[in-house]
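Asker: Input start39.cif, format and content: mmCIF, C-alpha atoms.
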```cif
data_protein
#
loop_
_atom_site.label_atom_id
_atom_site.label_comp_id
_atom_site.auth_asym_id
_atom_site.auth_seq_id
_atom_site.Cartn_x
_atom_site.Cartn_y
_atom_site.Cartn_z
CA MET A 114 -40.58 9.18 -6.26
CA SER A 115 -36.92 8.59 -5.44
CA THR A 116 -35.08 5.96 -7.44
CA PRO A 117 -32.46 3.82 -5.70
CA LEU A 118 -28.93 4.05 -7.09
CA ASN A 119 -27.04 1.01 -8.28
CA ILE A 120 -23.61 0.29 -6.88
CA ASN A 121 -21.79 1.80 -9.85
CA GLN A 122 -23.73 5.06 -9.48
CA VAL A 123 -22.96 5.15 -5.77
CA LEU A 124 -19.24 4.57 -6.32
CA ASP A 125 -19.16 7.28 -9.02
CA LEU A 126 -20.79 9.90 -6.78
CA GLU A 127 -18.83 13.04 -6.04
CA THR A 128 -19.20 13.61 -2.32
CA ALA A 129 -17.67 16.17 0.01
CA HIS A 130 -14.75 14.88 2.07
CA GLN A 131 -14.72 15.43 5.81
CA LYS A 132 -12.00 17.83 6.89
CA GLN A 133 -10.01 17.30 10.05
CA LEU A 134 -10.70 20.29 12.28
CA TRP A 135 -8.86 19.09 15.40
CA GLY A 136 -6.81 15.95 14.85
CA HIS A 137 -8.91 12.84 14.38
CA VAL A 138 -11.24 13.89 17.20
CA LEU A 139 -13.31 16.58 15.50
CA LYS A 140 -14.06 16.73 11.79
CA SER A 141 -16.39 18.75 9.60
CA SER A 142 -19.97 17.47 9.40
CA GLN A 143 -19.80 15.85 12.82
CA LEU A 144 -21.85 15.62 16.01
CA MET A 145 -19.72 15.45 19.13
CA MET A 146 -20.58 15.30 22.83
CA VAL A 147 -18.28 16.18 25.72
CA TYR A 148 -19.63 14.90 29.02
CA ALA A 149 -18.20 14.71 32.52
CA ALA A 150 -19.13 15.33 36.13
CA THR A 151 -19.75 18.81 37.48
CA GLY A 152 -16.53 20.71 38.13
CA VAL A 153 -14.24 18.61 35.94
CA GLY A 154 -13.79 21.36 33.34
CA LYS A 155 -16.17 20.59 30.46
CA SER A 156 -16.70 24.25 29.66
CA PHE A 157 -13.02 25.15 29.92
CA PHE A 158 -12.19 22.30 27.55
CA THR A 159 -14.81 23.13 24.93
CA TRP A 160 -14.34 26.91 25.09
CA ALA A 161 -10.56 26.53 24.75
CA LEU A 162 -11.13 24.18 21.82
CA GLY A 163 -13.51 26.71 20.27
CA LEU A 164 -10.96 29.51 20.58
CA ALA A 165 -8.24 27.31 19.05
CA LEU A 166 -10.56 26.51 16.15
CA ALA A 167 -11.33 30.22 15.70
CA THR A 168 -7.64 31.14 15.56
CA GLY A 169 -6.29 28.09 13.75
CA SER A 170 -3.88 27.38 16.61
CA ARG A 171 -2.75 24.35 18.60
CA PHE A 172 -4.82 22.89 21.43
CA LEU A 173 -3.46 20.03 23.53
CA ALA A 174 -2.03 17.40 21.14
CA HIS A 175 -3.54 18.64 17.86
CA ASN A 176 -3.29 21.60 15.53
CA CYS A 177 -6.32 23.35 14.06
CA PRO A 178 -5.27 23.85 10.43
CA ALA A 179 -7.16 27.07 9.64
CA PRO A 180 -9.38 29.59 11.44
CA LEU A 181 -13.05 28.60 11.53
CA LYS A 182 -16.15 30.52 12.50
CA VAL A 183 -17.28 29.33 15.93
CA LEU A 184 -20.55 30.10 17.70
CA LEU A 185 -20.65 29.45 21.45
CA CYS A 186 -24.18 29.08 22.85
CA GLU A 187 -23.73 29.56 26.59
CA GLY A 188 -26.69 28.76 28.81
CA GLU A 189 -25.48 28.78 32.41
CA MET A 190 -23.34 31.74 33.38
CA GLY A 191 -24.49 34.82 31.51
CA LEU A 192 -22.40 37.47 29.79
CA ALA A 193 -20.53 38.82 32.83
CA TYR A 194 -18.99 35.48 33.76
CA THR A 195 -18.57 34.52 30.11
CA LYS A 196 -16.48 37.65 29.57
CA LYS A 197 -14.31 36.80 32.58
CA ARG A 198 -13.72 33.20 31.51
CA LEU A 199 -13.02 34.03 27.86
CA GLY A 200 -10.56 36.70 29.00
CA MET A 201 -8.65 34.07 30.97
CA LEU A 202 -8.53 31.72 27.99
CA VAL A 203 -7.57 34.30 25.35
CA ILE A 204 -4.41 35.16 27.29
CA SER A 205 -3.02 31.69 26.57
CA LEU A 206 -3.53 31.95 22.81
CA PRO A 207 -0.74 32.93 20.40
CA SER A 208 -3.21 35.32 18.76
CA SER A 209 -6.72 36.57 19.47
CA PRO A 210 -9.59 35.46 17.25
CA ARG A 211 -10.86 38.02 14.77
CA GLY A 212 -14.27 39.34 15.75
CA GLU A 213 -16.37 37.40 13.26
CA PHE A 214 -14.59 34.11 13.98
CA PHE A 215 -15.81 33.67 17.56
CA LYS A 216 -19.30 34.72 18.56
CA VAL A 217 -21.30 34.15 21.74
CA LEU A 218 -25.02 33.63 22.14
CA SER A 219 -25.65 33.98 25.87
CA LYS A 220 -28.74 33.09 27.84
CA ASP A 221 -28.88 36.85 28.47
CA HIS A 222 -29.67 37.34 24.76
CA CYS A 223 -32.60 34.92 25.01
CA GLY A 224 -34.48 36.28 28.03
CA GLY A 225 -32.54 34.42 30.72
CA GLN A 226 -32.58 30.94 29.16
CA LEU A 227 -31.25 29.64 25.86
CA TRP A 228 -33.86 28.78 23.28
CA ASN A 229 -35.13 25.23 23.48
CA ILE A 230 -33.57 23.02 20.77
CA SER A 231 -36.45 20.55 21.18
CA ASN A 232 -38.91 23.23 20.07
CA PRO A 233 -39.21 23.42 16.24
CA ALA A 234 -39.99 27.14 16.42
CA HIS A 235 -36.83 27.78 18.46
CA GLN A 236 -34.79 25.60 16.10
CA LYS A 237 -35.58 28.11 13.35
CA ARG A 238 -34.11 30.90 15.50
CA TYR A 239 -30.90 28.93 15.85
CA ASN A 240 -30.82 28.12 12.13
CA ALA A 241 -30.56 31.80 11.26
CA LEU A 242 -27.45 32.12 13.47
CA PHE A 243 -25.91 28.80 12.46
CA GLU A 244 -25.72 29.89 8.82
CA HIS A 245 -22.68 31.97 9.73
CA ALA A 246 -20.84 29.29 11.77
CA ASP A 247 -18.63 26.32 10.94
CA VAL A 248 -18.66 24.90 14.48
CA ILE A 249 -21.42 25.32 17.06
CA ILE A 250 -20.84 24.69 20.77
CA LEU A 251 -23.95 24.05 22.89
CA ASP A 252 -22.98 24.52 26.54
CA ASN A 253 -24.84 22.75 27.90
CA LEU A 254 -27.70 20.39 26.98
CA LEU A 255 -29.52 20.85 30.28
CA SER A 256 -29.80 24.56 29.55
CA CYS A 257 -31.04 24.28 25.96
CA ALA A 258 -32.89 20.93 25.63
CA PHE A 259 -35.94 20.65 27.83
CA PRO A 260 -39.60 19.53 27.61
CA MET A 261 -42.05 21.76 25.77
CA ASP A 262 -44.86 20.96 28.23
CA ARG A 263 -45.73 18.61 31.10
CA ARG A 264 -46.64 15.75 28.76
CA ASP A 265 -43.33 15.91 26.91
CA ASN A 266 -40.51 13.47 27.72
CA GLU A 267 -36.89 12.97 26.79
CA PHE A 268 -37.55 10.36 24.10
CA ALA A 269 -40.09 12.60 22.37
CA MET A 270 -37.71 15.56 22.69
CA TRP A 271 -34.87 13.75 20.96
CA GLU A 272 -37.13 12.55 18.19
CA ARG A 273 -37.46 16.24 17.35
CA ILE A 274 -33.84 17.19 18.10
CA ALA A 275 -32.10 14.40 16.16
CA PRO A 276 -33.42 15.30 12.66
CA TRP A 277 -32.52 18.92 13.30
CA LEU A 278 -28.96 17.98 14.31
CA PHE A 279 -28.65 15.74 11.25
CA MET A 280 -29.70 18.67 9.06
CA ILE A 281 -26.97 20.83 10.60
CA ARG A 282 -24.40 18.08 10.14
CA ASP A 283 -25.48 17.51 6.53
CA SER A 284 -24.89 21.21 5.85
CA GLY A 285 -21.18 20.68 6.62
CA ARG A 286 -21.24 22.14 10.11
CA SER A 287 -20.09 20.44 13.29
CA VAL A 288 -21.87 20.60 16.65
CA VAL A 289 -20.11 20.10 19.99
CA MET A 290 -22.58 19.45 22.81
CA VAL A 291 -21.60 19.72 26.48
CA HIS A 292 -23.44 17.45 28.91
CA HIS A 293 -23.32 16.18 32.48
CA THR A 294 -22.86 12.67 33.80
CA ASN A 295 -25.32 10.97 36.12
CA LYS A 296 -24.70 11.66 39.80
CA GLY A 297 -24.16 7.98 40.54
CA GLY A 298 -21.85 7.00 37.71
CA PRO A 299 -19.74 7.86 34.67
CA GLN A 300 -22.51 7.63 32.05
CA GLN A 301 -24.02 10.69 30.41
CA MET A 302 -27.18 11.97 32.04
CA GLY A 303 -30.54 10.88 30.67
CA ALA A 304 -31.54 8.38 28.01
CA SER A 305 -28.61 6.64 26.34
CA THR A 306 -30.34 6.49 22.94
CA LYS A 307 -29.01 9.93 21.96
CA MET A 308 -25.47 8.50 22.07
CA ASN A 309 -26.39 6.39 19.02
CA TRP A 310 -26.72 9.54 16.91
CA LEU A 311 -23.30 10.96 17.74
CA ASP A 312 -20.10 10.65 15.74
CA THR A 313 -17.84 11.21 18.73
CA ALA A 314 -18.34 11.19 22.50
#
```
Could you render the structure from this file as structure tokens?

Answerer:
Amino acid sequence: MSTPLNINQVLDLETAHQKQLWGHVLKSSQLMMVYAATGVGKSFFTWALGLALATGSRFLAHNCPAPLKVLLCEGEMGLAYTKKRLGMLVISLPSSPRGEFFKVLSKDHCGGQLWNISNPAHQKRYNALFEHADVIILDNLLSCAFPMDRRDNEFAMWERIAPWLFMIRDSGRSVVMVHHTNKGGPQQMGASTKMNWLDTA
């Protein structure tokens, strides 16, 4: 049985410090969501950020201090379009990322659709890949978080997803999730409760 710590024990704990990965916006051990309307440029923003993180270069107003291993999970376009878009972005970089520092898991690798992060069995598949990444980009939630069956709903889904994301964050990794806004307004699509679990949105 776990024993609570007294305040002196808590204050004496040696804990890992969060590292700034991209200014004050993205740090290690962090859950971040980027959401906007269709066509605004969510993917361009997050992919460009991922490439800057992988090369340790500057992106917009902030420097990325050192190259990090980035895994892009792309669930909409497939490898052909992903290749085209990444080629456009790499041209603007001062240097290209080394092979192991930027990897892509496409929906093409997963039978036409990214594995479902609300499915515990599929979470284990991701875990094996995430071991080799510092930052994971999930682009986008609609393509990788969906009901397991007809009785499933968004609240039940996120009760399974949240502990898994916390486990990834506790391992020192950061997750950047791309999401859409509602058609009628500026809020992120779906239940707002998932925003409570994020560090940055």

Asker: Taking the file as shown, what set of residues would the PyMOL selection byres ((chain A and resi 297-306) around 12) give back, as a PDB file with C-alpha atoms, keeping the file's coordinate frame?

Answerer:
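out-v2.pdb was written with the following content:
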```pdb
ATOM      1  CA  MET A 146     -20.580  15.300  22.830  1.00  0.00           C
ATOM      2  CA  VAL A 147     -18.280  16.180  25.720  1.00  0.00           C
ATOM      3  CA  TYR A 148     -19.630  14.900  29.020  1.00  0.00           C
ATOM      4  CA  ALA A 149     -18.200  14.710  32.520  1.00  0.00           C
ATOM      5  CA  ALA A 150     -19.130  15.330  36.130  1.00  0.00           C
ATOM      6  CA  THR A 151     -19.750  18.810  37.480  1.00  0.00           C
ATOM      7  CA  ASN A 253     -24.840  22.750  27.900  1.00  0.00           C
ATOM      8  CA  LEU A 254     -27.700  20.390  26.980  1.00  0.00           C
ATOM      9  CA  LEU A 255     -29.520  20.850  30.280  1.00  0.00           C
ATOM     10  CA  ALA A 258     -32.890  20.930  25.630  1.00  0.00           C
ATOM     11  CA  PHE A 259     -35.940  20.650  27.830  1.00  0.00           C
ATOM     12  CA  ASN A 266     -40.510  13.470  27.720  1.00  0.00           C
ATOM     13  CA  GLU A 267     -36.890  12.970  26.790  1.00  0.00           C
ATOM     14  CA  PHE A 268     -37.550  10.360  24.100  1.00  0.00           C
ATOM     15  CA  ALA A 269     -40.090  12.600  22.370  1.00  0.00           C
ATOM     16  CA  MET A 270     -37.710  15.560  22.690  1.00  0.00           C
ATOM     17  CA  TRP A 271     -34.870  13.750  20.960  1.00  0.00           C
ATOM     18  CA  GLU A 272     -37.130  12.550  18.190  1.00  0.00           C
ATOM     19  CA  ALA A 275     -32.100  14.400  16.160  1.00  0.00           C
ATOM     20  CA  MET A 290     -22.580  19.450  22.810  1.00  0.00           C
ATOM     21  CA  VAL A 291     -21.600  19.720  26.480  1.00  0.00           C
ATOM     22  CA  HIS A 292     -23.440  17.450  28.910  1.00  0.00           C
ATOM     23  CA  HIS A 293     -23.320  16.180  32.480  1.00  0.00           C
ATOM     24  CA  THR A 294     -22.860  12.670  33.800  1.00  0.00           C
ATOM     25  CA  ASN A 295     -25.320  10.970  36.120  1.00  0.00           C
ATOM     26  CA  LYS A 296     -24.700  11.660  39.800  1.00  0.00           C
ATOM     27  CA  LYS A 307     -29.010   9.930  21.960  1.00  0.00           C
ATOM     28  CA  MET A 308     -25.470   8.500  22.070  1.00  0.00           C
ATOM     29  CA  ASN A 309     -26.390   6.390  19.020  1.00  0.00           C
ATOM     30  CA  TRP A 310     -26.720   9.540  16.910  1.00  0.00           C
ATOM     31  CA  LEU A 311     -23.300  10.960  17.740  1.00  0.00           C
ATOM     32  CA  ALA A 314     -18.340  11.190  22.500  1.00  0.00           C
TER      33      ALA A 314
END
```

Asker: Set the distance at 9 Å and use only C-alpha atoms: which residues neighbour Phe243 (chain A) once local chain neighbours fewer than 6 positions away are removed? I'd like the list as a list in words.

Answerer: Leu184, Ile249, Ile281 and Arg286 of chain A

Asker: Given the PyMOL selection byres ((chain A and resi 127-134) around 10) and the file above, list the residues it selects as a PyMOL selection string.

Answerer: chain A and resi 122-126+135-143+166+169+175-181+248+285+287

Asker: Around the point (-14.7, 28.6, 32.8) (coordinates from the file), which residues reach within 12 Å if we count all atoms listed in the file? Answer as a PDB file with C-alpha atoms, in the frame of the given file.

Answerer:
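To be explicit, this is the file written out as part-v9.pdb:
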```pdb
ATOM      1  CA  THR A 151     -19.750  18.810  37.480  1.00  0.00           C
ATOM      2  CA  GLY A 152     -16.530  20.710  38.130  1.00  0.00           C
ATOM      3  CA  VAL A 153     -14.240  18.610  35.940  1.00  0.00           C
ATOM      4  CA  GLY A 154     -13.790  21.360  33.340  1.00  0.00           C
ATOM      5  CA  LYS A 155     -16.170  20.590  30.460  1.00  0.00           C
ATOM      6  CA  SER A 156     -16.700  24.250  29.660  1.00  0.00           C
ATOM      7  CA  PHE A 157     -13.020  25.150  29.920  1.00  0.00           C
ATOM      8  CA  PHE A 158     -12.190  22.300  27.550  1.00  0.00           C
ATOM      9  CA  THR A 159     -14.810  23.130  24.930  1.00  0.00           C
ATOM     10  CA  TRP A 160     -14.340  26.910  25.090  1.00  0.00           C
ATOM     11  CA  ALA A 161     -10.560  26.530  24.750  1.00  0.00           C
ATOM     12  CA  GLU A 187     -23.730  29.560  26.590  1.00  0.00           C
ATOM     13  CA  GLU A 189     -25.480  28.780  32.410  1.00  0.00           C
ATOM     14  CA  MET A 190     -23.340  31.740  33.380  1.00  0.00           C
ATOM     15  CA  GLY A 191     -24.490  34.820  31.510  1.00  0.00           C
ATOM     16  CA  ALA A 193     -20.530  38.820  32.830  1.00  0.00           C
ATOM     17  CA  TYR A 194     -18.990  35.480  33.760  1.00  0.00           C
ATOM     18  CA  THR A 195     -18.570  34.520  30.110  1.00  0.00           C
ATOM     19  CA  LYS A 196     -16.480  37.650  29.570  1.00  0.00           C
ATOM     20  CA  LYS A 197     -14.310  36.800  32.580  1.00  0.00           C
ATOM     21  CA  ARG A 198     -13.720  33.200  31.510  1.00  0.00           C
ATOM     22  CA  LEU A 199     -13.020  34.030  27.860  1.00  0.00           C
ATOM     23  CA  GLY A 200     -10.560  36.700  29.000  1.00  0.00           C
ATOM     24  CA  MET A 201      -8.650  34.070  30.970  1.00  0.00           C
ATOM     25  CA  LEU A 202      -8.530  31.720  27.990  1.00  0.00           C
ATOM     26  CA  VAL A 203      -7.570  34.300  25.350  1.00  0.00           C
ATOM     27  CA  ASP A 252     -22.980  24.520  26.540  1.00  0.00           C
TER      28      ASP A 252
END
```

Asker: Could you spell out the hits of the PyMOL selection byres ((chain A and resi 277) around 12) on the shown file, as an NGL selection string?

Answerer: :A and (144 or 230-237 or 239-240 or 243 or 270-276 or 278-284 or 288 or 310)

Asker: Could you list, as a ChimeraX atom specification, every residue within 6 Å of region 215-217 of chain A, counting all atoms listed in the file and ignoring same-chain residues fewer than 6 positions away?

Answerer: /A:167,182-186

Asker: Next, the residues of the selection above should be written as a compact mmCIF listing (two decimals), in the coordinates of the input with C-alpha atoms.

Answerer:
```
# COMPACT_ATOMS: atom_id res chain seq x y z
CA ALA A 167 -11.33 30.22 15.70
CA LYS A 182 -16.15 30.52 12.50
CA VAL A 183 -17.28 29.33 15.93
CA LEU A 184 -20.55 30.10 17.70
CA LEU A 185 -20.65 29.45 21.45
CA CYS A 186 -24.18 29.08 22.85
```

Asker: Mind giving me the straight-line distance from CA of Leu118 (chain A) to CA of Asp312 (chain A) in Å, one decimal?

Answerer: 25.4 Å

Asker: Once 6 Å is added on each side, what centre and edge lengths in Å to one decimal does the axis-aligned box around all listed atoms of region 171-182 of chain A have, as AutoDock Vina command-line options?

Answerer:
```
--center_x -9.1 --center_y 24.0 --center_z 16.6 --size_x 26.1 --size_y 25.1 --size_z 25.9
```

Asker: For CA of Asp221 (chain A) and CA of Ala246 (chain A), quote the distance in Å rounded to one decimal.

Answerer: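 Pair CA of Asp221 (chain A) / CA of Ala246 (chain A) returns 20.0 Å.
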